[in-house]
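Peer 1: Got query35.csv for you, CSV, N, CA and C atoms:
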chain,number,residue,atom,x,y,z
V,1,MET,N,-4.8,-57.1,-29.8
V,1,MET,CA,-4.6,-56.5,-31.1
V,1,MET,C,-5.7,-56.9,-32.1
V,2,ARG,N,-6.1,-58.2,-32.0
V,2,ARG,CA,-7.1,-58.7,-33.0
V,2,ARG,C,-8.4,-57.9,-32.9
V,3,ILE,N,-8.8,-57.5,-31.8
V,3,ILE,CA,-10.1,-56.8,-31.7
V,3,ILE,C,-10.0,-55.5,-32.5
V,4,TYR,N,-8.9,-54.8,-32.4
V,4,TYR,CA,-8.7,-53.6,-33.2
V,4,TYR,C,-8.7,-53.8,-34.7
V,5,ALA,N,-8.1,-54.9,-35.1
V,5,ALA,CA,-8.1,-55.3,-36.5
V,5,ALA,C,-9.5,-55.6,-37.0
V,6,ASN,N,-10.3,-56.3,-36.1
V,6,ASN,CA,-11.7,-56.6,-36.5
V,6,ASN,C,-12.5,-55.3,-36.6
V,7,ILE,N,-12.3,-54.3,-35.7
V,7,ILE,CA,-13.0,-53.1,-35.7
V,7,ILE,C,-12.7,-52.4,-37.1
V,8,LEU,N,-11.4,-52.3,-37.4
V,8,LEU,CA,-11.0,-51.6,-38.6
V,8,LEU,C,-11.6,-52.3,-39.9
V,9,LYS,N,-11.6,-53.7,-39.8
V,9,LYS,CA,-12.1,-54.5,-40.9
V,9,LYS,C,-13.6,-54.2,-41.1
V,10,ALA,N,-14.3,-54.1,-40.0
V,10,ALA,CA,-15.8,-53.8,-40.0
V,10,ALA,C,-16.0,-52.5,-40.7
V,11,LEU,N,-15.2,-51.5,-40.4
V,11,LEU,CA,-15.4,-50.2,-41.0
V,11,LEU,C,-14.9,-50.0,-42.4
V,12,SER,N,-14.2,-51.0,-42.9
V,12,SER,CA,-13.6,-50.9,-44.2
V,12,SER,C,-14.7,-51.0,-45.3
V,13,GLU,N,-15.9,-51.5,-45.0
V,13,GLU,CA,-17.0,-51.6,-45.9
V,13,GLU,C,-17.7,-50.3,-45.9
V,14,PRO,N,-17.8,-49.6,-47.1
V,14,PRO,CA,-18.4,-48.3,-47.2
V,14,PRO,C,-19.8,-48.1,-46.6
V,15,LYS,N,-20.7,-49.0,-46.7
V,15,LYS,CA,-22.0,-48.9,-46.1
V,15,LYS,C,-21.9,-48.9,-44.6
V,16,ARG,N,-21.1,-49.8,-44.0
V,16,ARG,CA,-20.9,-49.8,-42.6
V,16,ARG,C,-20.3,-48.5,-42.1
V,17,LEU,N,-19.3,-48.0,-42.8
V,17,LEU,CA,-18.7,-46.7,-42.4
V,17,LEU,C,-19.8,-45.6,-42.4
V,18,LYS,N,-20.6,-45.6,-43.5
V,18,LYS,CA,-21.6,-44.6,-43.6
V,18,LYS,C,-22.6,-44.7,-42.4
V,19,LEU,N,-23.0,-45.9,-42.1
V,19,LEU,CA,-24.0,-46.1,-41.0
V,19,LEU,C,-23.3,-45.7,-39.7
V,20,PHE,N,-22.1,-46.0,-39.5
V,20,PHE,CA,-21.4,-45.6,-38.2
V,20,PHE,C,-21.2,-44.1,-38.2
V,21,ALA,N,-20.9,-43.5,-39.3
V,21,ALA,CA,-20.8,-42.0,-39.3
V,21,ALA,C,-22.2,-41.4,-39.0
V,22,LEU,N,-23.2,-41.9,-39.6
V,22,LEU,CA,-24.6,-41.3,-39.3
V,22,LEU,C,-24.9,-41.4,-37.8
V,23,LEU,N,-24.6,-42.6,-37.2
V,23,LEU,CA,-24.9,-42.8,-35.8
V,23,LEU,C,-24.0,-41.9,-35.0
V,24,ALA,N,-22.7,-41.7,-35.3
V,24,ALA,CA,-21.8,-40.9,-34.6
V,24,ALA,C,-22.2,-39.4,-34.6
V,25,LYS,N,-22.5,-39.0,-35.8
V,25,LYS,CA,-22.8,-37.5,-36.0
V,25,LYS,C,-24.2,-37.2,-35.5
V,26,SER,N,-25.1,-38.1,-35.6
V,26,SER,CA,-26.5,-37.9,-35.1
V,26,SER,C,-26.8,-38.1,-33.7
V,27,ALA,N,-25.9,-38.9,-33.0
V,27,ALA,CA,-25.9,-39.1,-31.6
V,27,ALA,C,-27.3,-39.4,-31.1
V,28,GLY,N,-27.9,-40.4,-31.6
V,28,GLY,CA,-29.2,-40.8,-31.1
V,28,GLY,C,-29.5,-42.3,-31.3
V,29,LYS,N,-30.7,-42.8,-31.0
V,29,LYS,CA,-31.1,-44.2,-31.3
V,29,LYS,C,-32.0,-44.2,-32.5
V,30,TYR,N,-31.7,-45.1,-33.4
V,30,TYR,CA,-32.5,-45.1,-34.6
V,30,TYR,C,-32.9,-46.5,-35.0
V,31,TYR,N,-34.1,-46.7,-35.5
V,31,TYR,CA,-34.6,-48.0,-36.0
V,31,TYR,C,-33.9,-48.4,-37.2
V,32,VAL,N,-33.8,-49.7,-37.5
V,32,VAL,CA,-33.2,-50.2,-38.7
V,32,VAL,C,-33.9,-49.6,-39.9
V,33,CYS,N,-35.2,-49.6,-39.9
V,33,CYS,CA,-36.0,-49.1,-41.0
V,33,CYS,C,-35.6,-47.6,-41.4
V,34,GLU,N,-35.3,-46.8,-40.3
V,34,GLU,CA,-35.0,-45.4,-40.5
V,34,GLU,C,-33.6,-45.3,-41.2
V,35,LEU,N,-32.7,-46.1,-40.6
V,35,LEU,CA,-31.3,-46.1,-41.2
V,35,LEU,C,-31.3,-46.6,-42.6
V,36,ALA,N,-32.0,-47.7,-42.8
V,36,ALA,CA,-32.0,-48.3,-44.2
V,36,ALA,C,-32.6,-47.3,-45.2
V,37,ASP,N,-33.6,-46.6,-44.9
V,37,ASP,CA,-34.2,-45.6,-45.8
V,37,ASP,C,-33.2,-44.4,-46.0
V,38,ALA,N,-32.5,-44.0,-44.9
V,38,ALA,CA,-31.6,-42.9,-45.0
V,38,ALA,C,-30.4,-43.2,-46.0
V,39,ILE,N,-29.9,-44.5,-45.9
V,39,ILE,CA,-28.8,-44.8,-46.8
V,39,ILE,C,-29.2,-45.5,-48.1
V,40,ALA,N,-30.5,-45.6,-48.3
V,40,ALA,CA,-31.1,-46.2,-49.5
V,40,ALA,C,-30.6,-47.6,-49.7
V,41,ASP,N,-30.8,-48.4,-48.7
V,41,ASP,CA,-30.4,-49.8,-48.8
V,41,ASP,C,-31.6,-50.6,-48.2
V,42,THR,N,-31.6,-51.9,-48.4
V,42,THR,CA,-32.7,-52.7,-47.9
V,42,THR,C,-32.6,-52.9,-46.4
V,43,HIS,N,-33.7,-53.2,-45.8
V,43,HIS,CA,-33.7,-53.4,-44.3
V,43,HIS,C,-32.8,-54.6,-44.0
V,44,TYR,N,-32.8,-55.6,-44.8
V,44,TYR,CA,-32.0,-56.8,-44.5
V,44,TYR,C,-30.5,-56.4,-44.6
V,45,ASN,N,-30.1,-55.8,-45.6
V,45,ASN,CA,-28.6,-55.4,-45.7
V,45,ASN,C,-28.2,-54.5,-44.6
V,46,THR,N,-29.1,-53.5,-44.3
V,46,THR,CA,-28.8,-52.6,-43.2
V,46,THR,C,-28.7,-53.3,-41.9
V,47,SER,N,-29.6,-54.2,-41.6
V,47,SER,CA,-29.6,-55.0,-40.3
V,47,SER,C,-28.3,-55.8,-40.3
V,48,ARG,N,-27.9,-56.4,-41.4
V,48,ARG,CA,-26.7,-57.2,-41.4
V,48,ARG,C,-25.5,-56.4,-41.1
V,49,ASN,N,-25.4,-55.2,-41.8
V,49,ASN,CA,-24.3,-54.3,-41.5
V,49,ASN,C,-24.2,-53.8,-40.1
V,50,LEU,N,-25.3,-53.5,-39.5
V,50,LEU,CA,-25.4,-53.0,-38.2
V,50,LEU,C,-25.0,-54.1,-37.2
V,51,ASN,N,-25.4,-55.3,-37.5
V,51,ASN,CA,-25.0,-56.5,-36.7
V,51,ASN,C,-23.4,-56.7,-36.7
V,52,GLU,N,-22.8,-56.4,-37.8
V,52,GLU,CA,-21.3,-56.5,-37.9
V,52,GLU,C,-20.7,-55.5,-37.0
V,53,LEU,N,-21.3,-54.3,-37.0
V,53,LEU,CA,-20.8,-53.2,-36.2
V,53,LEU,C,-21.0,-53.6,-34.7
V,54,ARG,N,-22.1,-54.2,-34.4
V,54,ARG,CA,-22.4,-54.6,-33.0
V,54,ARG,C,-21.4,-55.7,-32.6
V,55,LYS,N,-21.1,-56.6,-33.4
V,55,LYS,CA,-20.2,-57.7,-33.0
V,55,LYS,C,-18.8,-57.2,-32.6
V,56,VAL,N,-18.4,-56.1,-33.2
V,56,VAL,CA,-17.1,-55.6,-32.8
V,56,VAL,C,-17.2,-54.5,-31.7
V,57,GLY,N,-18.4,-54.3,-31.2
V,57,GLY,CA,-18.6,-53.4,-30.1
V,57,GLY,C,-18.7,-51.9,-30.4
V,58,LEU,N,-18.9,-51.6,-31.7
V,58,LEU,CA,-19.0,-50.2,-32.1
V,58,LEU,C,-20.4,-49.6,-31.9
V,59,VAL,N,-21.4,-50.5,-32.0
V,59,VAL,CA,-22.8,-50.1,-31.7
V,59,VAL,C,-23.5,-51.1,-30.8
V,60,GLU,N,-24.6,-50.6,-30.2
V,60,GLU,CA,-25.4,-51.5,-29.4
V,60,GLU,C,-26.8,-51.5,-29.9
V,61,GLU,N,-27.6,-52.5,-29.6
V,61,GLU,CA,-29.0,-52.5,-30.1
V,61,GLU,C,-29.9,-52.5,-28.9
V,62,GLN,N,-31.1,-52.0,-29.1
V,62,GLN,CA,-32.1,-52.0,-28.1
V,62,GLN,C,-33.4,-52.5,-28.8
V,63,LYS,N,-34.0,-53.5,-28.3
V,63,LYS,CA,-35.2,-54.0,-28.9
V,63,LYS,C,-36.4,-53.2,-28.3
V,64,VAL,N,-37.2,-52.8,-29.2
V,64,VAL,CA,-38.4,-52.0,-28.8
V,64,VAL,C,-39.6,-52.6,-29.6
V,65,GLY,N,-40.4,-53.4,-28.8
V,65,GLY,CA,-41.5,-54.1,-29.4
V,65,GLY,C,-40.9,-55.1,-30.5
V,66,ARG,N,-41.4,-54.9,-31.7
V,66,ARG,CA,-40.9,-55.8,-32.8
V,66,ARG,C,-39.7,-55.1,-33.5
V,67,GLY,N,-39.4,-53.9,-33.2
V,67,GLY,CA,-38.3,-53.2,-33.8
V,67,GLY,C,-37.0,-53.3,-33.0
V,68,VAL,N,-35.9,-52.9,-33.7
V,68,VAL,CA,-34.6,-52.8,-33.1
V,68,VAL,C,-34.0,-51.4,-33.4
V,69,MET,N,-33.5,-50.8,-32.3
V,69,MET,CA,-32.9,-49.5,-32.4
V,69,MET,C,-31.4,-49.7,-32.2
V,70,TYR,N,-30.6,-48.9,-33.0
V,70,TYR,CA,-29.1,-49.0,-32.8
V,70,TYR,C,-28.6,-47.6,-32.4
V,71,TYR,N,-27.5,-47.7,-31.7
V,71,TYR,CA,-26.9,-46.4,-31.2
V,71,TYR,C,-25.4,-46.7,-30.8
V,72,ILE,N,-24.7,-45.6,-30.7
V,72,ILE,CA,-23.3,-45.8,-30.3
V,72,ILE,C,-23.3,-45.6,-28.7
V,73,PRO,N,-22.8,-46.6,-28.0
V,73,PRO,CA,-22.8,-46.6,-26.6
V,73,PRO,C,-21.6,-45.7,-26.0
V,74,GLU,N,-21.7,-45.4,-24.8
V,74,GLU,CA,-20.6,-44.8,-24.1
V,74,GLU,C,-19.4,-45.9,-24.0
V,75,VAL,N,-18.2,-45.4,-24.4
V,75,VAL,CA,-17.1,-46.4,-24.4
V,75,VAL,C,-16.0,-45.9,-23.5
V,76,ASN,N,-15.2,-46.8,-23.0
V,76,ASN,CA,-14.1,-46.5,-22.1
V,76,ASN,C,-12.8,-46.7,-22.9
V,77,ASP,N,-12.8,-47.5,-23.9
V,77,ASP,CA,-11.6,-47.8,-24.7
V,77,ASP,C,-11.1,-46.6,-25.5
V,78,GLN,N,-9.9,-46.2,-25.2
V,78,GLN,CA,-9.3,-45.0,-25.9
V,78,GLN,C,-9.3,-45.1,-27.4
V,79,PHE,N,-8.9,-46.3,-27.9
V,79,PHE,CA,-8.9,-46.5,-29.3
V,79,PHE,C,-10.3,-46.2,-29.9
V,80,VAL,N,-11.3,-46.8,-29.4
V,80,VAL,CA,-12.7,-46.6,-29.9
V,80,VAL,C,-13.1,-45.2,-29.8
V,81,LYS,N,-12.8,-44.5,-28.6
V,81,LYS,CA,-13.1,-43.1,-28.5
V,81,LYS,C,-12.5,-42.3,-29.6
V,82,SER,N,-11.2,-42.5,-29.8
V,82,SER,CA,-10.5,-41.8,-30.9
V,82,SER,C,-11.1,-42.1,-32.3
V,83,LEU,N,-11.5,-43.3,-32.5
V,83,LEU,CA,-12.1,-43.7,-33.8
V,83,LEU,C,-13.4,-43.0,-34.0
V,84,ILE,N,-14.2,-42.9,-32.9
V,84,ILE,CA,-15.5,-42.2,-33.0
V,84,ILE,C,-15.2,-40.7,-33.4
V,85,ASP,N,-14.3,-40.1,-32.7
V,85,ASP,CA,-13.9,-38.7,-33.0
V,85,ASP,C,-13.4,-38.6,-34.4
V,86,LEU,N,-12.7,-39.5,-34.9
V,86,LEU,CA,-12.2,-39.5,-36.3
V,86,LEU,C,-13.3,-39.6,-37.3
V,87,VAL,N,-14.3,-40.5,-37.0
V,87,VAL,CA,-15.4,-40.6,-37.9
V,87,VAL,C,-16.3,-39.4,-37.9
V,88,LYS,N,-16.4,-38.8,-36.7
V,88,LYS,CA,-17.2,-37.5,-36.6
V,88,LYS,C,-16.5,-36.4,-37.5
V,89,GLY,N,-15.2,-36.6,-37.7
V,89,GLY,CA,-14.5,-35.6,-38.5
V,89,GLY,C,-14.7,-35.8,-40.0
V,90,ILE,N,-15.4,-36.8,-40.4
V,90,ILE,CA,-15.7,-36.9,-41.9
V,90,ILE,C,-16.6,-35.7,-42.3
V,91,PRO,N,-16.2,-35.1,-43.3
V,91,PRO,CA,-16.9,-33.8,-43.7
V,91,PRO,C,-18.4,-34.1,-43.8
V,92,ASP,N,-19.2,-33.2,-43.3
V,92,ASP,CA,-20.7,-33.3,-43.2
V,92,ASP,C,-21.3,-33.5,-44.6
V,93,GLU,N,-20.7,-32.8,-45.6
V,93,GLU,CA,-21.2,-32.8,-46.9
V,93,GLU,C,-21.2,-34.2,-47.6
V,94,LEU,N,-20.4,-35.1,-47.1
V,94,LEU,CA,-20.3,-36.4,-47.6
V,94,LEU,C,-21.5,-37.3,-47.2
V,95,ILE,N,-22.2,-36.9,-46.2
V,95,ILE,CA,-23.3,-37.7,-45.7
V,95,ILE,C,-24.5,-36.7,-45.5
V,96,SER,N,-24.5,-35.5,-46.1
V,96,SER,CA,-25.6,-34.6,-45.8
V,96,SER,C,-26.9,-35.1,-46.3
V,97,ARG,N,-27.0,-35.7,-47.4
V,97,ARG,CA,-28.3,-36.2,-47.9
V,97,ARG,C,-28.8,-37.3,-47.0
V,98,GLU,N,-27.9,-38.2,-46.6
V,98,GLU,CA,-28.4,-39.3,-45.7
V,98,GLU,C,-28.8,-38.7,-44.3
V,99,THR,N,-28.1,-37.7,-43.8
V,99,THR,CA,-28.5,-37.1,-42.6
V,99,THR,C,-29.8,-36.4,-42.7
V,100,GLU,N,-30.1,-35.8,-43.8
V,100,GLU,CA,-31.4,-35.1,-44.0
V,100,GLU,C,-32.5,-36.2,-44.1
V,101,LEU,N,-32.2,-37.2,-44.9
V,101,LEU,CA,-33.2,-38.3,-45.0
V,101,LEU,C,-33.5,-39.0,-43.7
V,102,LEU,N,-32.5,-39.2,-42.8
V,102,LEU,CA,-32.7,-39.8,-41.5
V,102,LEU,C,-33.5,-38.8,-40.7
V,103,ARG,N,-33.2,-37.6,-40.6
V,103,ARG,CA,-34.0,-36.6,-39.8
V,103,ARG,C,-35.4,-36.6,-40.3
V,104,LYS,N,-35.7,-36.6,-41.6
V,104,LYS,CA,-37.0,-36.6,-42.1
V,104,LYS,C,-37.7,-37.9,-41.7
V,105,ARG,N,-37.0,-39.0,-41.9
V,105,ARG,CA,-37.6,-40.3,-41.6
V,105,ARG,C,-38.0,-40.5,-40.2
V,106,VAL,N,-37.2,-40.0,-39.3
V,106,VAL,CA,-37.5,-40.0,-37.8
V,106,VAL,C,-38.7,-39.2,-37.5
V,107,SER,N,-38.9,-38.1,-38.2
V,107,SER,CA,-40.1,-37.3,-37.9
V,107,SER,C,-41.4,-38.0,-38.1
V,108,PHE,N,-41.4,-39.2,-38.8
V,108,PHE,CA,-42.6,-39.9,-39.0
V,108,PHE,C,-42.9,-41.0,-37.9
V,109,ARG,N,-42.1,-41.0,-36.8
V,109,ARG,CA,-42.4,-41.9,-35.7
V,109,ARG,C,-43.8,-41.6,-35.2
V,110,ASP,N,-44.4,-42.6,-34.6
V,110,ASP,CA,-45.7,-42.4,-34.1
V,110,ASP,C,-45.6,-41.8,-32.7
V,111,GLN,N,-46.8,-41.6,-32.0
V,111,GLN,CA,-46.7,-40.9,-30.7
V,111,GLN,C,-46.0,-41.6,-29.7
V,112,ASN,N,-45.8,-42.9,-29.8
V,112,ASN,CA,-45.0,-43.7,-28.9
V,112,ASN,C,-43.5,-43.8,-29.3
V,113,GLN,N,-43.1,-43.0,-30.3
V,113,GLN,CA,-41.8,-43.0,-30.8
V,113,GLN,C,-41.4,-44.3,-31.5
V,114,ARG,N,-42.3,-45.0,-32.0
V,114,ARG,CA,-42.0,-46.2,-32.8
V,114,ARG,C,-41.9,-45.9,-34.3
V,115,CYS,N,-41.1,-46.7,-34.9
V,115,CYS,CA,-40.9,-46.5,-36.4
V,115,CYS,C,-42.2,-47.0,-37.1
V,116,ILE,N,-42.6,-46.2,-38.0
V,116,ILE,CA,-43.7,-46.6,-38.8
V,116,ILE,C,-43.3,-46.6,-40.3
V,117,TYR,N,-43.9,-47.5,-41.0
V,117,TYR,CA,-43.5,-47.6,-42.4
V,117,TYR,C,-44.3,-46.6,-43.2
V,118,LYS,N,-43.6,-45.8,-44.0
V,118,LYS,CA,-44.3,-44.8,-44.9
V,118,LYS,C,-43.9,-45.1,-46.3
V,119,LEU,N,-44.8,-44.7,-47.2
V,119,LEU,CA,-44.4,-44.7,-48.6
V,119,LEU,C,-43.3,-43.7,-48.8
V,120,GLU,N,-42.4,-44.0,-49.7
V,120,GLU,CA,-41.4,-43.0,-50.0
V,120,GLU,C,-41.9,-41.6,-50.3
V,121,SER,N,-43.0,-41.6,-51.1
V,121,SER,CA,-43.5,-40.3,-51.5
V,121,SER,C,-44.1,-39.5,-50.3
V,122,ASP,N,-44.4,-40.2,-49.2
V,122,ASP,CA,-44.9,-39.5,-48.0
V,122,ASP,C,-43.8,-38.8,-47.2
V,123,TRP,N,-42.6,-39.3,-47.3
V,123,TRP,CA,-41.6,-38.7,-46.4
V,123,TRP,C,-40.4,-38.0,-47.2
V,124,LYS,N,-40.3,-38.3,-48.4
V,124,LYS,CA,-39.2,-37.7,-49.2
V,124,LYS,C,-39.7,-36.3,-49.7
V,125,SER,N,-38.9,-35.3,-49.5
V,125,SER,CA,-39.3,-34.0,-50.0
V,125,SER,C,-38.8,-33.7,-51.4
V,126,ASN,N,-39.3,-32.7,-52.1
V,126,ASN,CA,-38.9,-32.4,-53.4
V,126,ASN,C,-37.5,-32.0,-53.5
V,127,ASN,N,-36.9,-31.4,-52.5
V,127,ASN,CA,-35.5,-31.0,-52.6
V,127,ASN,C,-34.6,-32.2,-52.5
V,128,LEU,N,-35.1,-33.4,-52.3
V,128,LEU,CA,-34.2,-34.5,-52.3
V,128,LEU,C,-34.5,-35.4,-53.5
V,129,GLU,N,-35.1,-34.9,-54.5
V,129,GLU,CA,-35.4,-35.7,-55.7
V,129,GLU,C,-34.2,-36.2,-56.4
V,130,GLU,N,-33.1,-35.5,-56.3
V,130,GLU,CA,-31.9,-36.0,-56.9
V,130,GLU,C,-31.4,-37.3,-56.3
V,131,ARG,N,-31.8,-37.6,-55.1
V,131,ARG,CA,-31.5,-38.9,-54.5
V,131,ARG,C,-32.4,-40.0,-54.9
V,132,GLU,N,-33.4,-39.7,-55.6
V,132,GLU,CA,-34.5,-40.6,-56.1
V,132,GLU,C,-33.9,-41.8,-56.8
V,133,GLU,N,-33.0,-41.6,-57.8
V,133,GLU,CA,-32.4,-42.6,-58.6
V,133,GLU,C,-31.6,-43.6,-57.7
V,134,ASP,N,-30.8,-43.0,-56.8
V,134,ASP,CA,-30.0,-43.8,-55.9
V,134,ASP,C,-30.9,-44.7,-55.0
V,135,TYR,N,-31.9,-44.1,-54.5
V,135,TYR,CA,-32.8,-44.8,-53.6
V,135,TYR,C,-33.5,-46.0,-54.3
V,136,GLU,N,-33.9,-45.8,-55.6
V,136,GLU,CA,-34.6,-46.8,-56.3
V,136,GLU,C,-33.7,-47.9,-56.7
V,137,SER,N,-32.4,-47.6,-57.0
V,137,SER,CA,-31.5,-48.6,-57.5
V,137,SER,C,-30.8,-49.3,-56.3
V,138,GLY,N,-31.0,-48.8,-55.1
V,138,GLY,CA,-30.4,-49.4,-53.9
V,138,GLY,C,-28.9,-49.1,-53.7
V,139,GLU,N,-28.4,-48.1,-54.4
V,139,GLU,CA,-27.0,-47.7,-54.2
V,139,GLU,C,-26.8,-47.0,-52.9
Mind converting the file's structure to structure tokens?
Peer 2:
Amino acid sequence: MRIYANILKALSEPKRLKLFALLAKSAGKYYVCELADAIADTHYNTSRNLNELRKVGLVEEQKVGRGVMYYIPEVNDQFVKSLIDLVKGIPDELISRETELLRKRVSFRDQNQRCIYKLESDWKSNNLEEREEDYESGE
């Protein structure tokens, strides 16, 4: 029972829930830098939050060179499967900006599919300018 309490506790933090929802809805492997930019948080905080999700078994990591990619693994536990489905049910409009930022950020991977650092002005489009203030303030 404790493992399920720990899982729910991990998801009780809004940034972790948002990260988990992005991973669940996007169904891919993403670098910490891409996820951090998508949710407008620091790489350090994003890495720390992803590590908490990893500790309870909701995400796994894959080291790629100096980078780390996170993804939702195949699971056998019915509770976790149901939880993933529940999180996928979060209305898309609640994370649509983050989803678009993640999609855009991933498009800048190099030819070897590695994360590269880009200036914000290089990858953020004009139609996402309203997100600018949130991005700069780290909210």
Peer 1: Set the distance at 8 Å and use all atoms listed in the file: which residues neighbour segment 89-91 of chain V once local chain neighbours fewer than 5 positions away are removed? I'd like the list as a PyMOL selection string.
Peer 2: chain V and resi 21+25+83-84+96
Peer 1: Please report, as CSV, each residue of segment 77-114 of chain V lying at most 6.5 Å from segment 28-44 of chain V, together with the nearest pair of atoms and the separation in Å rounded to one decimal; use all atoms listed in the file, and order rows by chain and ascending residue number.
Peer 2:
residue,atom,partner,partner_atom,distance
V:Arg97,C,V:Ala38,C,6.2
V:Glu98,CA,V:Ala38,C,4.4
V:Thr99,N,V:Ala38,C,6.4
V:Leu101,C,V:Ala38,CA,4.5
V:Leu102,N,V:Ala38,CA,4.4
V:Arg105,C,V:Glu34,CA,5.8
V:Val106,N,V:Glu34,CA,6.0
Peer 1: Using the selection just defined, write its residues with N, CA and C atoms as a compact mmCIF listing (two decimals), keeping the file's coordinate frame.
Peer 2:
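Once everything was written out, this is part_35.txt:
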# COMPACT_ATOMS: atom_id res chain seq x y z
N ARG V 97 -27.00 -35.70 -47.40
CA ARG V 97 -28.30 -36.20 -47.90
C ARG V 97 -28.80 -37.30 -47.00
N GLU V 98 -27.90 -38.20 -46.60
CA GLU V 98 -28.40 -39.30 -45.70
C GLU V 98 -28.80 -38.70 -44.30
N THR V 99 -28.10 -37.70 -43.80
CA THR V 99 -28.50 -37.10 -42.60
C THR V 99 -29.80 -36.40 -42.70
N LEU V 101 -32.20 -37.20 -44.90
CA LEU V 101 -33.20 -38.30 -45.00
C LEU V 101 -33.50 -39.00 -43.70
N LEU V 102 -32.50 -39.20 -42.80
CA LEU V 102 -32.70 -39.80 -41.50
C LEU V 102 -33.50 -38.80 -40.70
N ARG V 105 -37.00 -39.00 -41.90
CA ARG V 105 -37.60 -40.30 -41.60
C ARG V 105 -38.00 -40.50 -40.20
N VAL V 106 -37.20 -40.00 -39.30
CA VAL V 106 -37.50 -40.00 -37.80
C VAL V 106 -38.70 -39.20 -37.50
Peer 1: For atom N of Pro14 of chain V and atom C of Ser107 of chain V, quote the distance in Å rounded to one decimal.
Peer 2: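 Result for atom N of Pro14 of chain V versus atom C of Ser107 of chain V: 27.8 Å, one decimal.
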Peer 1: Determine the nearest neighbour of Ala10 of chain V from the options V:Leu23, V:Val59, V:Val87, V:Leu53, counting only N, CA and C atoms.
Peer 2: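 Looking at the shortest contact to Ala10 of chain V, the residue is V:Leu53.
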Peer 1: What residues in segment 34-80 of chain V get the DSSP label alpha helix (DSSP H)? Please answer as a PyMOL selection string.
Peer 2: chain V and resi 34-39+43-55+78-80
Peer 1: Please indicate the distance in Å from atom N of Ala5 of chain V to atom C of Lys18 of chain V, rounded to one decimal place.
Peer 2: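 According to the coordinates, atom N of Ala5 of chain V and atom C of Lys18 of chain V are separated by 19.2 Å.
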Peer 1: Work out how far atom N of Phe20 of chain V is from atom N of Gln78 of chain V, in Å to one decimal.
Peer 2: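 So the answer is 18.8 Å.
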Peer 1: Measuring atom to atom with only N, CA and C atoms, identify which of V:Val68, V:Tyr4, V:Leu17, V:Ala24 is nearest to Asp85 of chain V.
Peer 2: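 Among the listed residues, the smallest separation from Asp85 of chain V belongs to V:Ala24.
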